[in-house]
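A short write-up of the structure that comes next.
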Amino acid sequence: MAENEQPLLVAENLSKNFGRLAACRDISFTLYPGEVLAIVGESGSGKTTLLQMLSAQTTPSSGRVSYRMRDGVLRDLNSLGEAERRFLFRTDWGYVHQDAALGLRMAVSAGANVGERLMAVGWNHYGRIRDTASSWLQRVEIDVARIDDAPRTYSGGMRQRLQIARNLVTEPRLVFMDEPTGGLDVSVQARLLDLMRGLVSELGLAAVVVTHDLAVARLLSHRLMVMKGGQVIETGLTDQVLDDPHEPYTQLLVSSILPP
Amino acid sequence: MPAMIEITDAEKAFTMHLQGGVKLPVVRGVNFTVESGECVVLSGPSGAGKSSILKMIFGNYRCDAGRIGIRHGGGTLDIAKAEPRDILSVRRSTIGYVSQFLRAVPRVPTIDVVAEPLIATGTSREAARVQAANLLRCLNIPDRLWTLPPSTFSGGEQQRVNIARGFISDHPILLLDEPTASLDARNREVVVGLIDEKKRTGVAMVAIVHDDDVRRRIADRIVDVTSFAAAA
């Protein structure tokens with residue numbers, strides 16, 4: 001991470017109301033290239049709504065999200081044309097869903113799942129696409145012999161790793177992750193976390209990770225935002241917030257973890 | 001030239017909201033400086049706030065008042081008021097921290113645990129591994145263990161891995177929280193030697209050591225933490 005870099009993603013006074021319910025209230029932060037931000041909080045705290053606003057899938061009721069496009073210009077996501085938005089989704093961003101079935105095409109082969117993102121950005125040489133797909137399968141520790149199998153034949157952990165390969169193959173600069181380890185066995189989680197941690201630092205990715213698991217936040221993120229009732233109640237360096245929590249709710253979260 | 005670390009009137013208390021908001025004062029009026037090439041040892045009984053002071057310097061505990069000036073990147077940065085981004089940058093290139101316990105990441109081999117801080121600042125993986133191997137050898141970790149994750153190692157072995165990880169970088173400031181606590185005499189010697197070497201290269205150190213012999217040999221100055229006791 002270089003010093004004096006310009007922010008990649010800027011959220012300003014984001015709010016979202018669903019009818020009379022305020023799902024997110026007045027949230028602002030800045031994310032720099034290579035930085036991993038974790039958003040923690042219990043179910044219903046507004047984490048996922050926030051993630052959807054940040055990734056242009058939900059329009060904020062007020063406030064705005066700006067993103068620095070590859071030409072270096074910071075643009076309001078709302079002002080983007082359809083082509084620019086598609087470009088972000090297809091190449092510059094990744095989105096890892098908790099449920100791999102939402103992020104993968106379950107009936108087509110693993111190789112095609114990874115290759116599809118490459119074709120979307122104009123790759124058309126079959127051999128090169130296949131080679132790149134195999135090398136990504138290896139990187140996420142999937143046996144290349146399984147390249148022609150559909151992910152519905154994969155285990156939960158393998159699906160999640162395939163989803164990561166599919167997202168990272170276009171070398172995005174920003175990845176959104178929604179409970180990436182949710183619903184996996186602990187041993188599978190550890191492997192996935194270790195893999196994600198390595199890839200994020202190797203590729204210098206910026207990421208916003210929504211999780212309710214503080215151990216995931218500690219292992220993956222540099223910074224932490226704690227949400228409750230749609231508001232960010234505490235924020236800071238991850239180890240600082242976890243080791244020296246100031247807010248009552250954060251203290252409750254931290255003290256609720258059972259030591260292994 | 002300003003000191004490497006300059007602490008002025010630093011203060012820290014914990015407010016325990018789950019225990020009815022009881023306020024637990026830790027330290028108050030912390031004042032001391034550490035120069036380049038000097039090792040300052042914090043003394044005082046358990047619970048006096050020694051580790052808390054180290055954590056405040058590292059930016060792990062927030063400082064309620066006062067200033068913690070650190071020489072960083074050609075200027076001075078006040079850790080007490082620094083942005084998370086700046087603290088991360090300080091940890092990458094200026095302050096190293098050797099805690100008592102290793103926080104091991106599952107599955108990562110020992111040699112990479114040790115090499116990681118160097119890789120993070122741009123050294124190639126191969127070169128970083130060579131340096132990591134040298135340190136592990138010097139700390140008597142047998143090479144058959146290097147490819148294994150340290151989570152199953154003995155306490156003393158884990159601590160030596162932790163020391164290797166802490167000493168591998170050229171950080172100009174090093175914080176040592178009981179680096180010799182669970183080591184045998186031979187390995188204590190090695191650590192004392194490593195600390196001497198750091199001094200010669202101008203590293204400023206703050207240490208907590210309970211072993212009288214080690215303290216006598218590494219301390220250039222002793223700061224009594226009981227004088228910073230925060231009256232409740």
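Each chain of the structure tokens is named A, B, ... in the order shown, its residues numbered from 1; ligands are numbered from 1 in display order.
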Members of segment 8-53 of chain A assigned strand (DSSP E or B) by DSSP, as a compact mmCIF listing (two decimals) with N, CA and C atoms, in the first residue's frame:
# COMPACT_ATOMS: atom_id res chain seq x y z
N LEU A 9 -13.06 4.10 -2.88
CA LEU A 9 -14.51 4.12 -2.69
C LEU A 9 -14.82 5.10 -1.56
N VAL A 10 -15.78 5.99 -1.80
CA VAL A 10 -16.15 6.96 -0.78
C VAL A 10 -17.65 6.90 -0.55
N ALA A 11 -18.04 6.64 0.69
CA ALA A 11 -19.46 6.65 1.05
C ALA A 11 -19.72 7.92 1.85
N GLU A 12 -20.75 8.67 1.44
CA GLU A 12 -21.06 9.92 2.14
C GLU A 12 -22.51 9.93 2.59
N ASN A 13 -22.68 9.96 3.90
CA ASN A 13 -24.02 10.11 4.51
C ASN A 13 -25.07 9.19 3.92
N LEU A 14 -24.72 7.93 3.77
CA LEU A 14 -25.64 6.97 3.16
C LEU A 14 -26.78 6.60 4.09
N SER A 15 -27.98 6.71 3.59
CA SER A 15 -29.14 6.23 4.34
C SER A 15 -30.03 5.44 3.41
N LYS A 16 -30.74 4.48 3.99
CA LYS A 16 -31.70 3.72 3.20
C LYS A 16 -32.91 3.43 4.05
N ASN A 17 -34.07 3.83 3.56
CA ASN A 17 -35.31 3.53 4.28
C ASN A 17 -36.14 2.55 3.47
N PHE A 18 -36.69 1.59 4.16
CA PHE A 18 -37.70 0.73 3.54
C PHE A 18 -39.01 1.09 4.22
N LEU A 21 -39.02 1.94 7.96
CA LEU A 21 -37.83 1.35 8.59
C LEU A 21 -36.56 1.97 8.04
N ALA A 22 -35.72 2.47 8.95
CA ALA A 22 -34.42 3.01 8.53
C ALA A 22 -33.40 1.88 8.59
N ALA A 23 -33.09 1.29 7.44
CA ALA A 23 -32.17 0.14 7.42
C ALA A 23 -30.73 0.59 7.60
N CYS A 24 -30.38 1.76 7.06
CA CYS A 24 -29.05 2.33 7.23
C CYS A 24 -29.20 3.82 7.46
N ARG A 25 -28.45 4.33 8.43
CA ARG A 25 -28.58 5.75 8.73
C ARG A 25 -27.25 6.46 8.72
N ASP A 26 -27.11 7.39 7.80
CA ASP A 26 -26.02 8.36 7.80
C ASP A 26 -24.64 7.71 7.93
N ILE A 27 -24.30 6.86 6.99
CA ILE A 27 -23.02 6.15 7.06
C ILE A 27 -22.01 6.76 6.09
N SER A 28 -20.85 7.09 6.62
CA SER A 28 -19.78 7.67 5.80
C SER A 28 -18.48 6.95 6.09
N PHE A 29 -17.71 6.65 5.06
CA PHE A 29 -16.34 6.15 5.26
C PHE A 29 -15.60 6.22 3.93
N THR A 30 -14.31 6.00 4.01
CA THR A 30 -13.46 6.04 2.82
C THR A 30 -12.66 4.76 2.78
N LEU A 31 -12.59 4.14 1.62
CA LEU A 31 -11.80 2.92 1.46
C LEU A 31 -10.67 3.19 0.47
N VAL A 36 -8.75 -3.63 3.49
CA VAL A 36 -9.87 -4.53 3.72
C VAL A 36 -10.67 -4.03 4.91
N LEU A 37 -11.93 -3.75 4.66
CA LEU A 37 -12.83 -3.23 5.69
C LEU A 37 -13.85 -4.31 6.04
N ALA A 38 -13.98 -4.62 7.30
CA ALA A 38 -15.00 -5.58 7.71
C ALA A 38 -16.16 -4.82 8.34
N ILE A 39 -17.37 -5.26 8.03
CA ILE A 39 -18.57 -4.70 8.65
C ILE A 39 -19.18 -5.80 9.49
N VAL A 40 -19.25 -5.58 10.81
CA VAL A 40 -19.81 -6.61 11.68
C VAL A 40 -21.06 -6.08 12.38
Residue neighbourhood segment 150-161 of chain A, 9 Å, only C-alpha atoms, exclusion window fewer than 5 positions, as a PyMOL selection string
chain A and resi 96-101+104-113+137+140-142+166+180-181+183-185+188-189+191-192+195-196
For segment 98-100 of chain B, find every residue with an atom within 7 Å (counting only C-alpha atoms), except residues of its own chain fewer than 2 positions away, and show them as a PyMOL selection string.
chain B and resi 96+102+159+162-163+166+175-179
Can you write out the residues you just picked, keeping N, CA, C and O atoms, as an mmCIF file, in the first residue's frame?
data_model
loop_
_atom_site.group_PDB
_atom_site.id
_atom_site.type_symbol
_atom_site.label_atom_id
_atom_site.label_comp_id
_atom_site.auth_asym_id
_atom_site.auth_seq_id
_atom_site.Cartn_x
_atom_site.Cartn_y
_atom_site.Cartn_z
ATOM 1 N N GLY B 96 7.810 -2.540 15.293
ATOM 2 C CA GLY B 96 7.590 -3.974 15.389
ATOM 3 C C GLY B 96 7.171 -4.302 16.812
ATOM 4 O O GLY B 96 7.512 -3.568 17.750
ATOM 5 N N LEU B 102 2.012 -16.102 20.275
ATOM 6 C CA LEU B 102 1.933 -16.087 18.833
ATOM 7 C C LEU B 102 0.476 -16.230 18.425
ATOM 8 O O LEU B 102 -0.214 -17.134 18.876
ATOM 9 N N GLN B 159 7.129 -19.156 21.013
ATOM 10 C CA GLN B 159 7.650 -17.842 21.364
ATOM 11 C C GLN B 159 8.872 -17.497 20.507
ATOM 12 O O GLN B 159 9.048 -16.362 20.080
ATOM 13 N N ASN B 162 7.743 -16.390 17.202
ATOM 14 C CA ASN B 162 7.248 -15.032 17.364
ATOM 15 C C ASN B 162 8.397 -14.020 17.400
ATOM 16 O O ASN B 162 8.318 -12.940 16.806
ATOM 17 N N ILE B 163 9.458 -14.378 18.097
ATOM 18 C CA ILE B 163 10.628 -13.495 18.174
ATOM 19 C C ILE B 163 11.256 -13.343 16.794
ATOM 20 O O ILE B 163 11.582 -12.234 16.358
ATOM 21 N N GLY B 166 9.254 -11.033 14.823
ATOM 22 C CA GLY B 166 9.399 -9.650 15.292
ATOM 23 C C GLY B 166 10.744 -9.037 14.953
ATOM 24 O O GLY B 166 10.846 -7.834 14.722
ATOM 25 N N LEU B 175 8.947 -3.135 20.141
ATOM 26 C CA LEU B 175 8.318 -3.269 21.451
ATOM 27 C C LEU B 175 8.354 -4.734 21.839
ATOM 28 O O LEU B 175 7.931 -5.590 21.070
ATOM 29 N N LEU B 176 8.878 -5.035 23.021
ATOM 30 C CA LEU B 176 9.073 -6.425 23.424
ATOM 31 C C LEU B 176 8.306 -6.709 24.710
ATOM 32 O O LEU B 176 8.626 -6.162 25.758
ATOM 33 N N ASP B 177 7.293 -7.558 24.621
ATOM 34 C CA ASP B 177 6.522 -7.911 25.809
ATOM 35 C C ASP B 177 6.969 -9.294 26.286
ATOM 36 O O ASP B 177 6.551 -10.305 25.737
ATOM 37 N N GLU B 178 7.809 -9.322 27.281
ATOM 38 C CA GLU B 178 8.357 -10.564 27.846
ATOM 39 C C GLU B 178 8.881 -11.524 26.788
ATOM 40 O O GLU B 178 8.389 -12.654 26.669
ATOM 41 N N PRO B 179 9.861 -11.084 26.025
ATOM 42 C CA PRO B 179 10.329 -11.925 24.921
ATOM 43 C C PRO B 179 11.034 -13.193 25.395
ATOM 44 O O PRO B 179 11.177 -14.130 24.613
#
Identify, on the basis of only C-alpha atoms, every residue whose closest approach to Ala164 of chain B does not exceed 12 Å; exclude the query and any residue fewer than 6 positions from it along the same chain; express the result as a count of residues only.
35
When DSSP is applied to the backbone of this structure, which of segment 126-203 of chain B are assigned alpha helix (DSSP H)? Write them out as an NGL selection string.
:B and (126-138 or 155-167 or 185-200)
Test item: chain A residues at most 8 Å from chain B, counting only C-alpha atoms, as a tab-separated table (two decimals) with all heavy atoms, in the first residue's frame:
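Contents of out-v2.tsv, freshly written:
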chain	number	residue	atom	x	y	z
A	3	GLU	N	1.78	5.27	0.19
A	3	GLU	CA	1.26	6.39	0.98
A	3	GLU	C	0.60	7.39	0.04
A	3	GLU	O	0.82	7.37	-1.17
A	3	GLU	CB	2.41	7.09	1.72
A	3	GLU	CG	3.35	6.17	2.44
A	3	GLU	CD	2.70	5.50	3.64
A	3	GLU	OE1	1.67	5.99	4.12
A	3	GLU	OE2	3.23	4.47	4.07
A	190	ALA	N	-11.38	-22.29	7.82
A	190	ALA	CA	-10.00	-21.90	8.06
A	190	ALA	C	-9.22	-21.91	6.74
A	190	ALA	O	-8.47	-20.98	6.45
A	190	ALA	CB	-9.35	-22.86	9.06
A	191	ARG	N	-9.46	-22.94	5.94
A	191	ARG	CA	-8.76	-23.05	4.67
A	191	ARG	C	-9.14	-21.90	3.73
A	191	ARG	O	-8.29	-21.30	3.08
A	191	ARG	CB	-9.13	-24.39	4.04
A	191	ARG	CG	-8.48	-24.65	2.73
A	191	ARG	CD	-8.85	-26.03	2.26
A	191	ARG	NE	-8.12	-26.36	1.05
A	191	ARG	CZ	-8.33	-27.48	0.37
A	191	ARG	NH1	-9.20	-28.36	0.78
A	191	ARG	NH2	-7.64	-27.71	-0.72
A	194	ASP	N	-7.68	-18.55	4.98
A	194	ASP	CA	-6.26	-18.47	4.74
A	194	ASP	C	-6.00	-18.18	3.25
A	194	ASP	O	-5.16	-17.36	2.90
A	194	ASP	CB	-5.64	-19.79	5.18
A	194	ASP	CG	-4.20	-19.89	4.79
A	194	ASP	OD1	-3.53	-18.86	4.84
A	194	ASP	OD2	-3.76	-21.00	4.46
A	219	LEU	N	-9.00	-11.85	11.11
A	219	LEU	CA	-8.02	-12.47	10.22
A	219	LEU	C	-7.91	-11.74	8.87
A	219	LEU	O	-6.85	-11.64	8.30
A	219	LEU	CB	-8.43	-13.93	9.97
A	219	LEU	CG	-7.30	-14.88	9.67
A	219	LEU	CD1	-6.29	-14.87	10.80
A	219	LEU	CD2	-7.86	-16.28	9.49
A	222	HIS	N	-8.29	-4.98	7.83
A	222	HIS	CA	-7.46	-3.95	8.47
A	222	HIS	C	-8.30	-3.07	9.37
A	222	HIS	O	-7.90	-2.68	10.44
A	222	HIS	CB	-6.83	-3.05	7.41
A	222	HIS	CG	-6.00	-3.77	6.42
A	222	HIS	ND1	-6.32	-3.86	5.09
A	222	HIS	CD2	-4.86	-4.48	6.56
A	222	HIS	CE1	-5.40	-4.57	4.45
A	222	HIS	NE2	-4.52	-4.96	5.33
A	223	ARG	N	-9.51	-2.76	8.88
A	223	ARG	CA	-10.38	-1.85	9.62
A	223	ARG	C	-11.71	-2.51	9.86
A	223	ARG	O	-12.11	-3.40	9.12
A	223	ARG	CB	-10.59	-0.57	8.82
A	223	ARG	CG	-9.42	0.38	8.93
A	223	ARG	CD	-9.83	1.76	8.51
A	223	ARG	NE	-10.23	1.81	7.12
A	223	ARG	CZ	-11.22	2.59	6.67
A	223	ARG	NH1	-11.91	3.33	7.50
A	223	ARG	NH2	-11.51	2.59	5.39
A	236	GLY	N	-12.70	1.65	13.60
A	236	GLY	CA	-11.27	1.84	13.88
A	236	GLY	C	-10.46	0.69	13.31
A	236	GLY	O	-10.99	-0.13	12.56
A	237	LEU	N	-9.19	0.63	13.69
A	237	LEU	CA	-8.35	-0.50	13.31
A	237	LEU	C	-8.98	-1.77	13.87
A	237	LEU	O	-9.46	-1.76	15.01
A	237	LEU	CB	-6.99	-0.38	13.98
A	237	LEU	CG	-5.90	0.39	13.28
A	237	LEU	CD1	-4.65	0.34	14.15
A	237	LEU	CD2	-5.62	-0.18	11.91
A	239	ASP	N	-7.83	-4.61	15.15
A	239	ASP	CA	-7.36	-5.14	16.44
A	239	ASP	C	-7.68	-4.17	17.58
A	239	ASP	O	-7.93	-4.57	18.71
A	239	ASP	CB	-5.88	-5.50	16.40
A	239	ASP	CG	-4.99	-4.33	16.11
A	239	ASP	OD1	-4.81	-3.99	14.92
A	239	ASP	OD2	-4.47	-3.73	17.05
A	240	GLN	N	-7.71	-2.87	17.25
A	240	GLN	CA	-8.03	-1.87	18.25
A	240	GLN	C	-9.48	-2.00	18.72
A	240	GLN	O	-9.76	-2.02	19.92
A	240	GLN	CB	-7.82	-0.50	17.59
A	240	GLN	CG	-7.64	0.66	18.48
A	240	GLN	CD	-7.41	1.90	17.62
A	240	GLN	OE1	-8.25	2.25	16.80
A	240	GLN	NE2	-6.27	2.54	17.79
A	243	ASP	N	-9.74	-5.42	20.64
A	243	ASP	CA	-9.00	-5.54	21.89
A	243	ASP	C	-9.34	-4.44	22.89
A	243	ASP	O	-9.11	-4.58	24.08
A	243	ASP	CB	-7.48	-5.52	21.63
A	243	ASP	CG	-7.03	-6.74	20.83
A	243	ASP	OD1	-7.78	-7.72	20.80
A	243	ASP	OD2	-5.92	-6.70	20.24
A	244	ASP	N	-9.84	-3.34	22.38
A	244	ASP	CA	-10.16	-2.20	23.25
A	244	ASP	C	-11.49	-1.59	22.80
A	244	ASP	O	-11.54	-0.43	22.39
A	244	ASP	CB	-9.00	-1.17	23.15
A	244	ASP	CG	-9.19	0.02	24.07
A	244	ASP	OD1	-10.03	-0.05	24.98
A	244	ASP	OD2	-8.48	1.03	23.88
A	246	HIS	N	-14.97	0.23	22.82
A	246	HIS	CA	-15.46	1.32	23.68
A	246	HIS	C	-16.96	1.30	23.88
A	246	HIS	O	-17.44	1.62	24.94
A	246	HIS	CB	-15.04	2.67	23.09
A	246	HIS	CG	-13.62	3.01	23.38
A	246	HIS	ND1	-13.11	4.28	23.31
A	246	HIS	CD2	-12.58	2.23	23.74
A	246	HIS	CE1	-11.82	4.27	23.63
A	246	HIS	NE2	-11.48	3.02	23.88
A	247	GLU	N	-17.69	0.95	22.85
A	247	GLU	CA	-19.16	1.02	22.94
A	247	GLU	C	-19.71	-0.21	23.66
A	247	GLU	O	-19.20	-1.32	23.50
A	247	GLU	CB	-19.75	1.08	21.53
A	247	GLU	CG	-19.44	2.37	20.80
A	247	GLU	CD	-20.00	3.59	21.52
A	247	GLU	OE1	-21.16	3.50	22.00
A	247	GLU	OE2	-19.29	4.60	21.61
A	248	PRO	N	-20.79	0.00	24.42
A	248	PRO	CA	-21.39	-1.14	25.13
A	248	PRO	C	-21.69	-2.32	24.22
A	248	PRO	O	-21.38	-3.46	24.55
A	248	PRO	CB	-22.68	-0.55	25.71
A	248	PRO	CG	-22.45	0.92	25.77
A	248	PRO	CD	-21.47	1.26	24.71
A	251	GLN	N	-18.56	-4.14	23.18
A	251	GLN	CA	-18.04	-4.91	24.32
A	251	GLN	C	-18.83	-6.21	24.49
A	251	GLN	O	-18.27	-7.26	24.77
A	251	GLN	CB	-18.08	-4.08	25.60
A	251	GLN	CG	-17.08	-2.93	25.56
A	251	GLN	CD	-16.95	-2.20	26.89
A	251	GLN	OE1	-17.67	-2.46	27.85
A	251	GLN	NE2	-16.02	-1.26	26.95
A	252	LEU	N	-20.14	-6.09	24.26
A	252	LEU	CA	-20.98	-7.28	24.36
A	252	LEU	C	-20.62	-8.30	23.28
A	252	LEU	O	-20.44	-9.49	23.54
A	252	LEU	CB	-22.45	-6.88	24.24
A	252	LEU	CG	-23.47	-8.02	24.30
A	252	LEU	CD1	-23.47	-8.66	25.68
A	252	LEU	CD2	-24.88	-7.54	23.96
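With only C-alpha atoms as the atoms that count, the residue of B:Ala207, B:Ala82, B:Cys63, B:Ile70 with the shortest distance to Thr180 of chain B is B:Ala207.
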